[in-house]
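As structure tokens, the structure follows; a few thoughts come after it.
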Amino acid sequence: MAKVAVVLAGCGVYDGAEINEAVLTLLSLEQQGASYQCFAPDMEQMHVINHLTGEPVEGESRNVLVEAARIARGNVLDLASARVEEFDALLVPGGFGAAKNLSNFAVAGAQMVVQPDFLRVARAFHAAGKPIGLVCIAPVMAAAICGEGTRCTIGNDPEVAAAIETMGGEHLECPVDESRVDRERKLVTTPAYMLAGSVSEAYAGISDCVRDVLALI
């Protein structure tokens, strides 16, 4: 049975991991016969968003690992403890946490810096020839992980696609119910809620992404 490391960036679409994408990723792994362990960085998230109003909450801070435990029902480990040799693949759901906590793409754009623990772990998977799946906005980190010329998708957003190209990646347009595979780099990406208008649309692409990741093991 394949074992997959799943990295969560908190809890909540605007300041953490997108909850539907995270749960659908875990569901797809189980449905396709894989096991998984969730990880998250032990750090303060960039800021806290009121998901009812979409506005930042002044004077409040939250820990990414503690927040990720809400999704993982407590079964989540500090990303710093992840051992690549114990896993066959890596999957990263989206949500703004990927662009605010795992990286600072949300504020820095093409001058993005990737969070050190995540970058170390993700590059170790790539160096070991183990497949990586990035969902939704997470593929903005693809070139930083897999190198110049990495092919990935975030749907069809022209500004984000241009930033990917500036950072050394090659953007591929992709419908919501599919994924795209860079076989040379063993990278799989899917747009999910960059395009999805419903849970079922997001599920179609995420399930396809998980299938492609597992096929590359």
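All residue names refer to the structure tokens as shown: chains lettered A, B, ... in order, residues numbered from 1 in each chain, ligands numbered from 1 in order.
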Within 9 Å of segment 169-174 of chain A, counting only C-alpha atoms, which residues qualify if same-chain residues fewer than 3 places away don't, as a VMD selection string? chain A and resid 140 142 to 144 147 to 157 161 to 166 177 to 180 190 to 191
Per DSSP on the backbone, filter segment 52-136 of chain A down to the residues in helix (DSSP H, G or I) and report them as number ranges by chain. A: 64-71, 79-81, 84-86, 97-100, 105-111, 116-127
Can you tell me, as a CSV table (one decimal) with N, CA and C atoms, in the first residue's frame, what residues are no more than 10 Å from segment 35-44 of chain A when counting only C-alpha atoms, ignoring any on the same chain fewer than 3 positions away?
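out_13.csv written:
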```csv
chain,number,residue,atom,x,y,z
A,1,MET,N,0.8,-1.2,0.0
A,1,MET,CA,0.0,0.0,0.0
A,1,MET,C,0.9,1.2,0.0
A,2,ALA,N,0.6,2.1,-0.9
A,2,ALA,CA,1.4,3.4,-1.0
A,2,ALA,C,1.0,4.3,0.2
A,3,LYS,N,2.1,5.0,0.7
A,3,LYS,CA,1.9,5.9,1.9
A,3,LYS,C,2.3,7.3,1.4
A,4,VAL,N,1.4,8.2,1.7
A,4,VAL,CA,1.5,9.6,1.1
A,4,VAL,C,1.6,10.6,2.3
A,5,ALA,N,2.5,11.5,2.2
A,5,ALA,CA,2.6,12.6,3.1
A,5,ALA,C,1.7,13.7,2.5
A,6,VAL,N,0.8,14.3,3.4
A,6,VAL,CA,-0.1,15.3,3.0
A,6,VAL,C,0.2,16.6,3.8
A,7,VAL,N,0.6,17.7,3.2
A,7,VAL,CA,1.0,18.9,3.9
A,7,VAL,C,-0.2,19.8,3.9
A,8,LEU,N,-0.6,20.2,5.1
A,8,LEU,CA,-1.7,21.2,5.3
A,8,LEU,C,-1.2,22.5,5.7
A,9,ALA,N,-1.8,23.6,5.3
A,9,ALA,CA,-1.3,24.9,5.5
A,9,ALA,C,-2.1,25.7,6.5
A,10,GLY,N,-2.8,25.0,7.4
A,10,GLY,CA,-3.7,25.6,8.4
A,10,GLY,C,-5.1,25.1,8.1
A,17,ALA,N,-5.4,25.9,4.8
A,17,ALA,CA,-5.7,24.9,3.8
A,17,ALA,C,-7.2,25.0,3.5
A,22,ALA,N,-8.7,19.7,1.1
A,22,ALA,CA,-8.0,18.8,2.0
A,22,ALA,C,-8.7,17.5,2.2
A,26,LEU,N,-7.8,13.6,1.0
A,26,LEU,CA,-7.7,12.4,1.9
A,26,LEU,C,-8.7,11.3,1.5
A,29,LEU,N,-7.4,9.5,-1.6
A,29,LEU,CA,-6.3,8.6,-1.2
A,29,LEU,C,-6.9,7.3,-0.7
A,30,GLU,N,-7.8,7.4,0.2
A,30,GLU,CA,-8.4,6.2,0.8
A,30,GLU,C,-9.2,5.4,-0.3
A,31,GLN,N,-9.9,6.1,-1.1
A,31,GLN,CA,-10.7,5.4,-2.2
A,31,GLN,C,-9.8,4.6,-3.1
A,32,GLN,N,-8.6,5.2,-3.3
A,32,GLN,CA,-7.7,4.6,-4.3
A,32,GLN,C,-6.6,3.7,-3.6
A,47,HIS,N,-1.8,35.7,8.9
A,47,HIS,CA,-2.8,36.5,9.6
A,47,HIS,C,-4.1,35.6,9.7
A,48,VAL,N,-5.1,36.1,10.4
A,48,VAL,CA,-6.3,35.4,10.6
A,48,VAL,C,-7.4,36.2,9.9
A,61,SER,N,-3.9,35.8,16.5
A,61,SER,CA,-2.9,35.0,15.8
A,61,SER,C,-3.3,33.5,16.0
A,62,ARG,N,-2.9,32.7,15.0
A,62,ARG,CA,-3.1,31.2,15.1
A,62,ARG,C,-1.9,30.5,14.6
A,63,ASN,N,-1.8,29.3,15.1
A,63,ASN,CA,-0.7,28.4,14.7
A,63,ASN,C,-1.1,27.5,13.6
A,64,VAL,N,-0.3,27.4,12.6
A,64,VAL,CA,-0.6,26.5,11.4
A,64,VAL,C,-0.8,25.1,11.8
A,65,LEU,N,0.1,24.5,12.6
A,65,LEU,CA,0.0,23.1,13.0
A,65,LEU,C,-1.3,22.9,13.8
A,66,VAL,N,-1.6,23.8,14.7
A,66,VAL,CA,-2.8,23.6,15.6
A,66,VAL,C,-4.0,23.7,14.7
A,67,GLU,N,-4.1,24.7,13.8
A,67,GLU,CA,-5.2,24.8,12.9
A,67,GLU,C,-5.4,23.6,12.0
A,68,ALA,N,-4.3,23.1,11.5
A,68,ALA,CA,-4.4,21.9,10.6
A,68,ALA,C,-5.0,20.7,11.4
A,69,ALA,N,-4.7,20.6,12.7
A,69,ALA,CA,-5.3,19.5,13.5
A,69,ALA,C,-6.8,19.5,13.4
A,71,ILE,N,-8.6,19.8,10.7
A,71,ILE,CA,-8.9,19.0,9.5
A,71,ILE,C,-8.6,17.6,9.7
A,72,ALA,N,-7.4,17.3,10.3
A,72,ALA,CA,-6.8,16.0,10.5
A,72,ALA,C,-7.3,15.3,11.7
A,74,GLY,N,-6.8,15.8,14.7
A,74,GLY,CA,-5.7,15.7,15.7
A,74,GLY,C,-4.5,14.9,15.2
A,75,ASN,N,-4.7,14.1,14.1
A,75,ASN,CA,-3.6,13.3,13.6
A,75,ASN,C,-2.8,14.0,12.6
A,76,VAL,N,-2.0,14.9,13.1
A,76,VAL,CA,-1.1,15.7,12.2
A,76,VAL,C,0.2,15.9,13.0
A,77,LEU,N,1.3,15.9,12.2
A,77,LEU,CA,2.7,16.0,12.8
A,77,LEU,C,3.3,17.2,12.3
A,78,ASP,N,4.3,17.7,13.1
A,78,ASP,CA,5.1,18.8,12.7
A,78,ASP,C,5.9,18.5,11.4
A,79,LEU,N,5.8,19.4,10.5
A,79,LEU,CA,6.4,19.2,9.2
A,79,LEU,C,8.0,19.0,9.3
A,80,ALA,N,8.5,19.6,10.3
A,80,ALA,CA,10.0,19.5,10.5
A,80,ALA,C,10.4,18.0,10.9
A,81,SER,N,9.4,17.2,11.3
A,81,SER,CA,9.8,15.8,11.6
A,81,SER,C,9.6,14.8,10.5
A,82,ALA,N,9.1,15.3,9.3
A,82,ALA,CA,8.8,14.5,8.2
A,82,ALA,C,10.1,13.8,7.7
A,87,PHE,N,7.8,7.6,3.0
A,87,PHE,CA,6.7,7.9,2.2
A,87,PHE,C,7.0,7.7,0.7
A,88,ASP,N,5.9,7.4,-0.1
A,88,ASP,CA,6.1,7.2,-1.5
A,88,ASP,C,5.7,8.4,-2.3
A,89,ALA,N,5.0,9.4,-1.8
A,89,ALA,CA,4.6,10.5,-2.5
A,89,ALA,C,4.2,11.7,-1.6
A,90,LEU,N,4.1,12.9,-2.1
A,90,LEU,CA,3.7,14.1,-1.4
A,90,LEU,C,2.5,14.7,-2.1
A,91,LEU,N,1.5,15.1,-1.3
A,91,LEU,CA,0.4,15.9,-1.8
A,91,LEU,C,0.1,17.1,-1.0
A,92,VAL,N,-0.2,18.2,-1.7
A,92,VAL,CA,-0.4,19.5,-1.0
A,92,VAL,C,-1.7,20.1,-1.5
A,101,ASN,N,1.3,30.9,4.0
A,101,ASN,CA,2.0,30.2,5.1
A,101,ASN,C,3.1,29.3,4.6
A,102,LEU,N,2.8,28.5,3.5
A,102,LEU,CA,3.8,27.6,2.9
A,102,LEU,C,4.7,28.5,2.0
A,115,GLN,N,8.4,28.7,2.4
A,115,GLN,CA,8.7,28.4,3.9
A,115,GLN,C,9.8,27.3,4.0
A,116,PRO,N,10.8,27.5,4.8
A,116,PRO,CA,12.0,26.6,4.7
A,116,PRO,C,11.7,25.2,5.0
A,117,ASP,N,10.9,24.8,6.0
A,117,ASP,CA,10.7,23.4,6.3
A,117,ASP,C,10.0,22.8,5.1
A,118,PHE,N,9.0,23.5,4.5
A,118,PHE,CA,8.2,22.9,3.4
A,118,PHE,C,9.1,22.7,2.2
```
What lies within 10 Å of segment 200-203 of chain A using only C-alpha atoms, ignoring chain neighbours under 2 positions off, as a PDB file with N, CA and C atoms, in the first residue's frame?
```pdb
ATOM      1  N   ASN A  20     -12.379  21.840   1.885  1.00  0.00           N
ATOM      2  CA  ASN A  20     -12.923  20.861   0.944  1.00  0.00           C
ATOM      3  C   ASN A  20     -11.801  20.162   0.179  1.00  0.00           C
ATOM      4  N   GLU A  21     -10.819  20.931  -0.286  1.00  0.00           N
ATOM      5  CA  GLU A  21      -9.713  20.325  -1.028  1.00  0.00           C
ATOM      6  C   GLU A  21      -8.931  19.345  -0.161  1.00  0.00           C
ATOM      7  N   VAL A  23     -10.008  17.622   2.529  1.00  0.00           N
ATOM      8  CA  VAL A  23     -10.815  16.427   2.800  1.00  0.00           C
ATOM      9  C   VAL A  23     -10.959  15.573   1.543  1.00  0.00           C
ATOM     10  N   LEU A  24     -11.161  16.205   0.396  1.00  0.00           N
ATOM     11  CA  LEU A  24     -11.288  15.452  -0.851  1.00  0.00           C
ATOM     12  C   LEU A  24      -9.980  14.751  -1.217  1.00  0.00           C
ATOM     13  N   THR A  25      -8.858  15.370  -0.884  1.00  0.00           N
ATOM     14  CA  THR A  25      -7.568  14.719  -1.104  1.00  0.00           C
ATOM     15  C   THR A  25      -7.454  13.459  -0.254  1.00  0.00           C
ATOM     16  N   LEU A  27      -9.926  11.738   1.099  1.00  0.00           N
ATOM     17  CA  LEU A  27     -10.935  10.782   0.631  1.00  0.00           C
ATOM     18  C   LEU A  27     -10.437  10.054  -0.615  1.00  0.00           C
ATOM     19  N   SER A  28      -9.887  10.802  -1.570  1.00  0.00           N
ATOM     20  CA  SER A  28      -9.407  10.181  -2.812  1.00  0.00           C
ATOM     21  C   SER A  28      -8.279   9.195  -2.536  1.00  0.00           C
ATOM     22  N   VAL A 135      -2.180  21.122  -5.530  1.00  0.00           N
ATOM     23  CA  VAL A 135      -3.582  21.398  -5.842  1.00  0.00           C
ATOM     24  C   VAL A 135      -3.873  22.893  -5.749  1.00  0.00           C
ATOM     25  N   CYS A 136      -4.727  23.387  -6.653  1.00  0.00           N
ATOM     26  CA  CYS A 136      -5.249  24.751  -6.597  1.00  0.00           C
ATOM     27  C   CYS A 136      -4.128  25.767  -6.794  1.00  0.00           C
ATOM     28  N   PRO A 175      -8.730  22.096 -17.495  1.00  0.00           N
ATOM     29  CA  PRO A 175     -10.103  22.182 -17.003  1.00  0.00           C
ATOM     30  C   PRO A 175     -10.205  21.677 -15.575  1.00  0.00           C
ATOM     31  N   VAL A 176     -11.278  22.045 -14.909  1.00  0.00           N
ATOM     32  CA  VAL A 176     -11.426  21.770 -13.479  1.00  0.00           C
ATOM     33  C   VAL A 176     -11.465  20.284 -13.158  1.00  0.00           C
ATOM     34  N   ASP A 177     -11.927  19.463 -14.075  1.00  0.00           N
ATOM     35  CA  ASP A 177     -12.107  18.043 -13.778  1.00  0.00           C
ATOM     36  C   ASP A 177     -10.924  17.184 -14.216  1.00  0.00           C
ATOM     37  N   GLU A 178      -9.792  17.812 -14.538  1.00  0.00           N
ATOM     38  CA  GLU A 178      -8.620  17.069 -14.971  1.00  0.00           C
ATOM     39  C   GLU A 178      -7.390  17.508 -14.186  1.00  0.00           C
ATOM     40  N   THR A 190      -3.539  20.222 -10.396  1.00  0.00           N
ATOM     41  CA  THR A 190      -4.940  20.350 -10.794  1.00  0.00           C
ATOM     42  C   THR A 190      -5.492  21.667 -10.259  1.00  0.00           C
ATOM     43  N   PRO A 191      -6.417  22.326 -10.981  1.00  0.00           N
ATOM     44  CA  PRO A 191      -6.874  23.657 -10.571  1.00  0.00           C
ATOM     45  C   PRO A 191      -7.763  23.703  -9.327  1.00  0.00           C
ATOM     46  N   ALA A 192      -8.597  22.667  -9.117  1.00  0.00           N
ATOM     47  CA  ALA A 192      -9.541  22.642  -7.998  1.00  0.00           C
ATOM     48  C   ALA A 192     -10.288  23.984  -7.911  1.00  0.00           C
ATOM     49  N   TYR A 193     -10.265  24.633  -6.740  1.00  0.00           N
ATOM     50  CA  TYR A 193     -11.084  25.835  -6.568  1.00  0.00           C
ATOM     51  C   TYR A 193     -10.507  27.086  -7.240  1.00  0.00           C
ATOM     52  N   MET A 194      -9.422  26.964  -7.953  1.00  0.00           N
ATOM     53  CA  MET A 194      -9.049  28.054  -8.855  1.00  0.00           C
ATOM     54  C   MET A 194     -10.095  28.172  -9.961  1.00  0.00           C
ATOM     55  N   LEU A 195     -10.819  27.074 -10.222  1.00  0.00           N
ATOM     56  CA  LEU A 195     -11.877  27.064 -11.230  1.00  0.00           C
ATOM     57  C   LEU A 195     -13.201  26.519 -10.712  1.00  0.00           C
ATOM     58  N   ALA A 196     -13.165  25.638  -9.739  1.00  0.00           N
ATOM     59  CA  ALA A 196     -14.359  24.891  -9.335  1.00  0.00           C
ATOM     60  C   ALA A 196     -15.465  25.797  -8.801  1.00  0.00           C
ATOM     61  N   GLY A 197     -16.689  25.470  -9.183  1.00  0.00           N
ATOM     62  CA  GLY A 197     -17.855  26.171  -8.654  1.00  0.00           C
ATOM     63  C   GLY A 197     -18.646  25.330  -7.684  1.00  0.00           C
ATOM     64  N   SER A 198     -18.172  24.111  -7.432  1.00  0.00           N
ATOM     65  CA  SER A 198     -18.876  23.212  -6.524  1.00  0.00           C
ATOM     66  C   SER A 198     -17.909  22.183  -5.971  1.00  0.00           C
ATOM     67  N   GLY A 205     -11.324  16.818 -10.257  1.00  0.00           N
ATOM     68  CA  GLY A 205      -9.927  17.091 -10.564  1.00  0.00           C
ATOM     69  C   GLY A 205      -8.974  16.556  -9.520  1.00  0.00           C
ATOM     70  N   ILE A 206      -9.356  16.669  -8.247  1.00  0.00           N
ATOM     71  CA  ILE A 206      -8.491  16.177  -7.172  1.00  0.00           C
ATOM     72  C   ILE A 206      -8.360  14.667  -7.245  1.00  0.00           C
ATOM     73  N   SER A 207      -9.450  13.977  -7.508  1.00  0.00           N
ATOM     74  CA  SER A 207      -9.399  12.522  -7.649  1.00  0.00           C
ATOM     75  C   SER A 207      -8.487  12.126  -8.801  1.00  0.00           C
ATOM     76  N   ASP A 208      -8.563  12.880  -9.902  1.00  0.00           N
ATOM     77  CA  ASP A 208      -7.704  12.626 -11.050  1.00  0.00           C
ATOM     78  C   ASP A 208      -6.236  12.879 -10.686  1.00  0.00           C
ATOM     79  N   CYS A 209      -5.985  13.933  -9.929  1.00  0.00           N
ATOM     80  CA  CYS A 209      -4.631  14.256  -9.488  1.00  0.00           C
ATOM     81  C   CYS A 209      -4.062  13.146  -8.612  1.00  0.00           C
TER      82      CYS A 209
END
```
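By chain and then residue number, the residues within 10 Å of Asp212 of chain A are A:Pro131, A:Ile132, A:Gly133, A:Ser179, A:Arg180, A:Val181, A:Arg183, A:Lys186, A:Leu187, A:Val188, A:Thr189, A:Ile206, A:Ser207, A:Ile217, counting only C-alpha atoms and disregarding those fewer than 5 positions away in sequence.
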Go ahead and write the residues just picked, C-alpha atoms, as a PDB file, in the first residue's frame.
```pdb
ATOM      1  CA  PRO A 131       5.932  12.033  -7.131  1.00  0.00           C
ATOM      2  CA  ILE A 132       4.433  15.280  -5.890  1.00  0.00           C
ATOM      3  CA  GLY A 133       0.859  16.520  -6.312  1.00  0.00           C
ATOM      4  CA  SER A 179      -4.995  17.201 -13.854  1.00  0.00           C
ATOM      5  CA  ARG A 180      -1.761  17.741 -15.726  1.00  0.00           C
ATOM      6  CA  VAL A 181       1.370  15.594 -15.390  1.00  0.00           C
ATOM      7  CA  ARG A 183       6.328  13.158 -16.204  1.00  0.00           C
ATOM      8  CA  LYS A 186       6.940  13.447 -11.515  1.00  0.00           C
ATOM      9  CA  LEU A 187       4.741  16.441 -10.727  1.00  0.00           C
ATOM     10  CA  VAL A 188       0.935  16.433 -10.940  1.00  0.00           C
ATOM     11  CA  THR A 189      -1.218  19.563 -10.633  1.00  0.00           C
ATOM     12  CA  ILE A 206      -8.491  16.177  -7.172  1.00  0.00           C
ATOM     13  CA  SER A 207      -9.399  12.522  -7.649  1.00  0.00           C
ATOM     14  CA  ILE A 217       5.034   5.711  -7.720  1.00  0.00           C
TER      15      ILE A 217
END
```
Considering only C-alpha atoms, return as a ChimeraX atom specification whatever protein or nucleic-acid residues lie within 12 Å of Val114 of chain A, sequence-local ones (same chain, fewer than 2 positions apart) excluded. /A:97-106,108-112,116-123,138-145
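Comparing A:Cys146, A:Ile49, A:Ala215, A:Ala34 by their smallest distance to Ala127 of chain A, the closest is A:Cys146 (using only C-alpha atoms).
Each of A:Glu159, A:Glu184, A:Glu85, A:Asp15 was checked against Pro56 of chain A using only C-alpha atoms; the smallest atom-to-atom distance is that of A:Asp15.
Listed by chain and then by rising number, the residues of segment 33-216 of chain A that DSSP assigns to strand (DSSP E) from the backbone are Ser35, Tyr36, Gln37, Cys38, Phe39, Ala40, Val76, Leu77, Asp78, Ala89, Leu90, Leu91, Val92, Ile132, Gly133, Leu134, Val135, Arg151, Cys152, Glu170, His171, Arg180, Val181, Asp182, Leu187, Val188, Thr189 and Thr190 of chain A.
When atom CA of Arg70 of chain A is paired with atom CA of Phe96 of chain A, their separation reads 16.6 Å.
Taking atom CA of Arg83 of chain A as the reference point, atom CA of Ile19 of chain A is found at 24.8 Å.
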Closest of A:Ala124, A:Val160, A:Val113, A:Leu214 to Ile137 of chain A, counting only C-alpha atoms, is A:Val160
